[in-house]
file protein_10.txt (compact mmCIF, C-alpha atoms)
# COMPACT_ATOMS: atom_id res chain seq x y z
CA MET A 1169 34.42 39.98 2.52
CA GLY A 1170 31.22 40.42 4.46
CA SER A 1171 30.52 38.92 7.82
CA GLN A 1172 27.45 37.09 6.60
CA GLN A 1173 26.76 33.89 8.45
CA ARG A 1174 25.65 31.03 6.26
CA SER A 1175 22.46 29.35 7.43
CA TYR A 1176 22.15 25.64 6.95
CA LYS A 1177 19.00 23.93 5.82
CA LYS A 1178 17.11 22.10 8.47
CA PHE A 1179 15.61 18.82 7.38
CA LEU A 1180 12.51 17.51 9.11
CA THR A 1181 11.77 13.81 9.38
CA ALA A 1182 8.56 12.43 7.93
CA GLU A 1183 7.23 11.95 11.46
CA GLN A 1184 7.96 15.57 12.36
CA LYS A 1185 6.22 16.78 9.22
CA TYR A 1186 3.21 14.56 9.86
CA ASP A 1187 2.96 15.75 13.47
CA LEU A 1188 3.03 19.39 12.40
CA TRP A 1189 0.45 18.76 9.66
CA VAL A 1190 -1.95 16.99 12.00
CA ARG A 1191 -1.65 19.71 14.60
CA MET A 1192 -2.31 22.38 11.96
CA LEU A 1193 -5.35 20.42 10.72
CA ALA A 1194 -6.68 20.21 14.26
CA GLY A 1195 -6.19 23.96 14.69
CA GLN A 1196 -3.75 23.50 17.54
CA ILE A 1197 -1.06 25.61 15.84
CA THR A 1198 -0.86 28.05 12.95
CA GLN A 1199 1.53 27.89 10.01
CA ALA A 1200 3.68 30.60 11.58
CA GLU A 1201 3.81 28.75 14.90
CA ALA A 1202 4.68 25.49 13.13
CA ALA A 1203 7.49 27.20 11.22
CA ALA A 1204 8.88 28.77 14.39
CA GLU A 1205 8.67 25.47 16.28
CA ALA A 1206 10.41 23.55 13.49
CA GLY A 1207 12.98 26.29 12.86
CA VAL A 1208 12.13 26.59 9.18
CA ASP A 1209 10.68 29.25 6.89
CA ARG A 1210 6.90 29.54 6.54
CA SER A 1211 7.18 28.59 2.87
CA VAL A 1212 8.46 25.16 3.98
CA ILE A 1213 5.32 24.71 6.07
CA ALA A 1214 3.09 25.89 3.23
CA ARG A 1215 4.75 23.34 0.92
CA LEU A 1216 4.36 20.65 3.58
CA ARG A 1217 0.61 21.33 3.74
CA ALA A 1218 0.27 21.19 -0.04
CA VAL A 1219 2.22 17.93 -0.33
CA ALA A 1220 0.27 16.34 2.54
CA ARG A 1221 -3.05 17.38 1.03
CA ASP A 1222 -2.11 16.13 -2.45
CA GLY A 1223 -0.86 12.83 -1.01
CA ALA A 1224 -4.01 12.34 1.03
CA VAL A 1225 -6.26 13.11 -1.94
CA ALA A 1226 -4.29 10.71 -4.18
CA ALA A 1227 -4.44 7.94 -1.58
CA LEU A 1228 -8.18 8.41 -1.10
CA ALA A 1229 -8.79 8.50 -4.85
CA SER A 1230 -6.99 5.20 -5.38
CA SER A 1231 -8.73 3.58 -2.43
CA ARG A 1232 -11.72 1.50 -3.41
CA PRO A 1233 -13.98 -0.50 -1.12
CA GLY A 1234 -13.93 -4.26 -1.43
CA ARG A 1235 -11.19 -6.38 -2.88
CA SER A 1236 -7.85 -4.85 -3.69
CA ARG A 1237 -7.01 -4.82 -7.36
CA GLN A 1238 -4.53 -7.33 -8.67
CA SER A 1239 -1.76 -6.48 -11.06
CA LYS A 1240 -1.79 -8.15 -14.49
CA ALA A 1241 0.96 -10.53 -13.41
CA GLU A 1242 -0.94 -11.51 -10.27
CA ALA A 1243 -4.17 -12.04 -12.22
CA THR A 1244 -2.35 -14.19 -14.79
CA GLU A 1245 -0.71 -16.26 -12.06
CA ALA A 1246 -4.02 -16.68 -10.23
CA ALA A 1247 -5.74 -17.86 -13.44
CA ALA A 1248 -2.94 -20.35 -14.10
CA LEU A 1249 -3.18 -21.67 -10.55
CA ARG A 1250 -6.97 -22.03 -10.81
CA SER A 1251 -6.64 -24.05 -14.02
CA GLU A 1252 -3.99 -26.24 -12.38
CA VAL A 1253 -6.33 -26.89 -9.44
CA GLU A 1254 -9.11 -27.86 -11.87
CA ARG A 1255 -6.76 -30.19 -13.79
CA LEU A 1256 -5.56 -31.86 -10.59
CA GLY A 1257 -9.16 -32.22 -9.40
CA ARG A 1258 -10.11 -34.03 -12.62
CA THR A 1259 -7.04 -36.29 -12.25
CA VAL A 1260 -8.02 -37.23 -8.70
CA VAL A 1261 -11.55 -38.09 -9.82
CA GLU A 1262 -10.24 -40.22 -12.71
CA GLN A 1263 -7.86 -42.08 -10.40
CA ALA A 1264 -10.60 -42.65 -7.81
CA VAL A 1265 -12.87 -44.14 -10.49
CA GLU A 1266 -10.05 -46.32 -11.80
CA LEU A 1267 -9.25 -47.54 -8.28
CA ALA A 1268 -12.90 -48.32 -7.61
CA VAL A 1269 -13.12 -50.32 -10.86
CA LEU A 1270 -9.91 -52.25 -10.08
CA ARG A 1271 -11.00 -53.05 -6.55
CA GLY A 1272 -14.41 -54.07 -7.83
CA LYS A 1273 -12.85 -56.48 -10.36
CA THR A 1274 -10.83 -58.29 -7.70
CA GLY A 1275 -13.99 -58.76 -5.66
CA TRP A 1276 -15.63 -60.54 -8.64
CA GLY A 1277 -13.14 -63.33 -8.85

call {"tool": "encode", "arguments": {"input": "protein_10.txt", "output": "structure tokens"}}
result
Amino acid sequence: MGSQQRSYKKFLTAEQKYDLWVRMLAGQITQAEAAAEAGVDRSVIARLRAVARDGAVAALASSRPGRSRQSKAEATEAAALRSEVERLGRTVVEQAVELAVLRGKTGWG
């Protein structure tokens, strides 16, 4: 049996990855320096950059100015609530008219 020492994978937290990515973007450190600092292979840092870039591009692509888009369920619920508000508004008006007529009749007698 050889005397090879098994190396264990080092896992970086999301915050650590983000910090490294931002510093690489700003030109404060290189990929090699980031890998050495984090104690990982340079391929891990290259993958981190690719994932961060893809995530940023996807987030920017889905971002639209103005109102946020509603899901179908939210739009359906909003439409139902609007129609209920309209129905209740009509009911209030009808009851106000009826009350005015009833109060007016008692004043006649």

call {"tool": "residues_around", "arguments": {"input": "protein_10.txt", "residues": "Arg1210 of chain A", "least_positions_apart": "5", "cutoff": "10 Å", "atoms": "all atoms listed in the file", "output": "list in words"}}
result
Gln1199, Ala1200, Glu1201, Ala1202, Ala1203, Ala1204, Arg1215 and Leu1216 of chain A

call {"tool": "atom_distance", "arguments": {"input": "protein_10.txt", "atom1": "atom CA of Val1190 of chain A", "atom2": "atom CA of Arg1221 of chain A"}}
result
11.0 Å

call {"tool": "closest_residue", "arguments": {"input": "protein_10.txt", "among": "A:Ile1197, A:Met1192, A:Lys1240, A:Gly1207", "to": "Lys1178 of chain A", "atoms": "all atoms listed in the file"}}
result
A:Gly1207

call {"tool": "atom_distance", "arguments": {"input": "protein_10.txt", "atom1": "atom CA of Trp1189 of chain A", "atom2": "atom CA of Arg1217 of chain A"}}
result
6.5 Å

call {"tool": "closest_residue", "arguments": {"input": "protein_10.txt", "among": "A:Arg1258, A:Arg1271, A:Lys1177, A:Arg1250", "to": "Val1212 of chain A", "atoms": "all atoms listed in the file"}}
result
A:Lys1177

call {"tool": "atom_distance", "arguments": {"input": "protein_10.txt", "atom1": "atom CA of Gly1223 of chain A", "atom2": "atom CA of Ala1182 of chain A"}}
result
13.0 Å

call {"tool": "build_atoms", "arguments": {"input": "protein_10.txt", "residues": "segment 1178-1202 of chain A", "atoms": "N, CA and C atoms", "output": "mmCIF file, in the frame of the given file"}}
result
data_model
loop_
_atom_site.group_PDB
_atom_site.id
_atom_site.type_symbol
_atom_site.label_atom_id
_atom_site.label_comp_id
_atom_site.auth_asym_id
_atom_site.auth_seq_id
_atom_site.Cartn_x
_atom_site.Cartn_y
_atom_site.Cartn_z
ATOM 1 N N LYS A 1178 17.541 23.053 7.451
ATOM 2 C CA LYS A 1178 17.110 22.100 8.470
ATOM 3 C C LYS A 1178 16.162 21.122 7.810
ATOM 4 N N PHE A 1179 16.443 19.862 7.965
ATOM 5 C CA PHE A 1179 15.610 18.820 7.380
ATOM 6 C C PHE A 1179 14.734 18.215 8.470
ATOM 7 N N LEU A 1180 13.469 18.105 8.169
ATOM 8 C CA LEU A 1180 12.510 17.510 9.110
ATOM 9 C C LEU A 1180 12.264 16.068 8.701
ATOM 10 N N THR A 1181 12.108 15.205 9.686
ATOM 11 C CA THR A 1181 11.770 13.810 9.380
ATOM 12 C C THR A 1181 10.307 13.735 8.952
ATOM 13 N N ALA A 1182 9.952 12.632 8.357
ATOM 14 C CA ALA A 1182 8.560 12.430 7.930
ATOM 15 C C ALA A 1182 7.623 12.493 9.131
ATOM 16 N N GLU A 1183 8.057 11.940 10.255
ATOM 17 C CA GLU A 1183 7.230 11.950 11.460
ATOM 18 C C GLU A 1183 7.017 13.368 11.976
ATOM 19 N N GLN A 1184 8.082 14.183 11.928
ATOM 20 C CA GLN A 1184 7.960 15.570 12.360
ATOM 21 C C GLN A 1184 6.995 16.343 11.464
ATOM 22 N N LYS A 1185 7.114 16.112 10.164
ATOM 23 C CA LYS A 1185 6.220 16.780 9.220
ATOM 24 C C LYS A 1185 4.773 16.364 9.454
ATOM 25 N N TYR A 1186 4.567 15.069 9.638
ATOM 26 C CA TYR A 1186 3.210 14.560 9.860
ATOM 27 C C TYR A 1186 2.623 15.158 11.141
ATOM 28 N N ASP A 1187 3.419 15.198 12.202
ATOM 29 C CA ASP A 1187 2.960 15.750 13.470
ATOM 30 C C ASP A 1187 2.549 17.215 13.311
ATOM 31 N N LEU A 1188 3.369 17.982 12.620
ATOM 32 C CA LEU A 1188 3.030 19.390 12.400
ATOM 33 C C LEU A 1188 1.748 19.515 11.578
ATOM 34 N N TRP A 1189 1.622 18.706 10.541
ATOM 35 C CA TRP A 1189 0.450 18.760 9.660
ATOM 36 C C TRP A 1189 -0.828 18.421 10.426
ATOM 37 N N VAL A 1190 -0.774 17.380 11.234
ATOM 38 C CA VAL A 1190 -1.950 16.990 12.000
ATOM 39 C C VAL A 1190 -2.343 18.088 12.985
ATOM 40 N N ARG A 1191 -1.355 18.650 13.638
ATOM 41 C CA ARG A 1191 -1.650 19.710 14.600
ATOM 42 C C ARG A 1191 -2.210 20.953 13.918
ATOM 43 N N MET A 1192 -1.747 21.244 12.698
ATOM 44 C CA MET A 1192 -2.310 22.380 11.960
ATOM 45 C C MET A 1192 -3.749 22.064 11.534
ATOM 46 N N LEU A 1193 -3.991 20.826 11.107
ATOM 47 C CA LEU A 1193 -5.350 20.420 10.720
ATOM 48 C C LEU A 1193 -6.310 20.551 11.885
ATOM 49 N N ALA A 1194 -5.836 20.176 13.060
ATOM 50 C CA ALA A 1194 -6.680 20.210 14.260
ATOM 51 C C ALA A 1194 -6.840 21.632 14.796
ATOM 52 N N GLY A 1195 -6.099 22.570 14.241
ATOM 53 C CA GLY A 1195 -6.190 23.960 14.690
ATOM 54 C C GLY A 1195 -5.413 24.230 15.971
ATOM 55 N N GLN A 1196 -4.535 23.326 16.330
ATOM 56 C CA GLN A 1196 -3.750 23.500 17.540
ATOM 57 C C GLN A 1196 -2.643 24.534 17.365
ATOM 58 N N ILE A 1197 -2.104 24.616 16.133
ATOM 59 C CA ILE A 1197 -1.060 25.610 15.840
ATOM 60 C C ILE A 1197 -1.314 26.206 14.466
ATOM 61 N N THR A 1198 -0.756 27.387 14.248
ATOM 62 C CA THR A 1198 -0.860 28.050 12.950
ATOM 63 C C THR A 1198 0.377 27.706 12.122
ATOM 64 N N GLN A 1199 0.364 28.113 10.860
ATOM 65 C CA GLN A 1199 1.530 27.890 10.010
ATOM 66 C C GLN A 1199 2.751 28.609 10.576
ATOM 67 N N ALA A 1200 2.559 29.823 11.035
ATOM 68 C CA ALA A 1200 3.680 30.600 11.580
ATOM 69 C C ALA A 1200 4.237 29.924 12.832
ATOM 70 N N GLU A 1201 3.357 29.430 13.691
ATOM 71 C CA GLU A 1201 3.810 28.750 14.900
ATOM 72 C C GLU A 1201 4.538 27.443 14.561
ATOM 73 N N ALA A 1202 4.037 26.729 13.560
ATOM 74 C CA ALA A 1202 4.680 25.490 13.130
ATOM 75 C C ALA A 1202 6.076 25.775 12.578
#
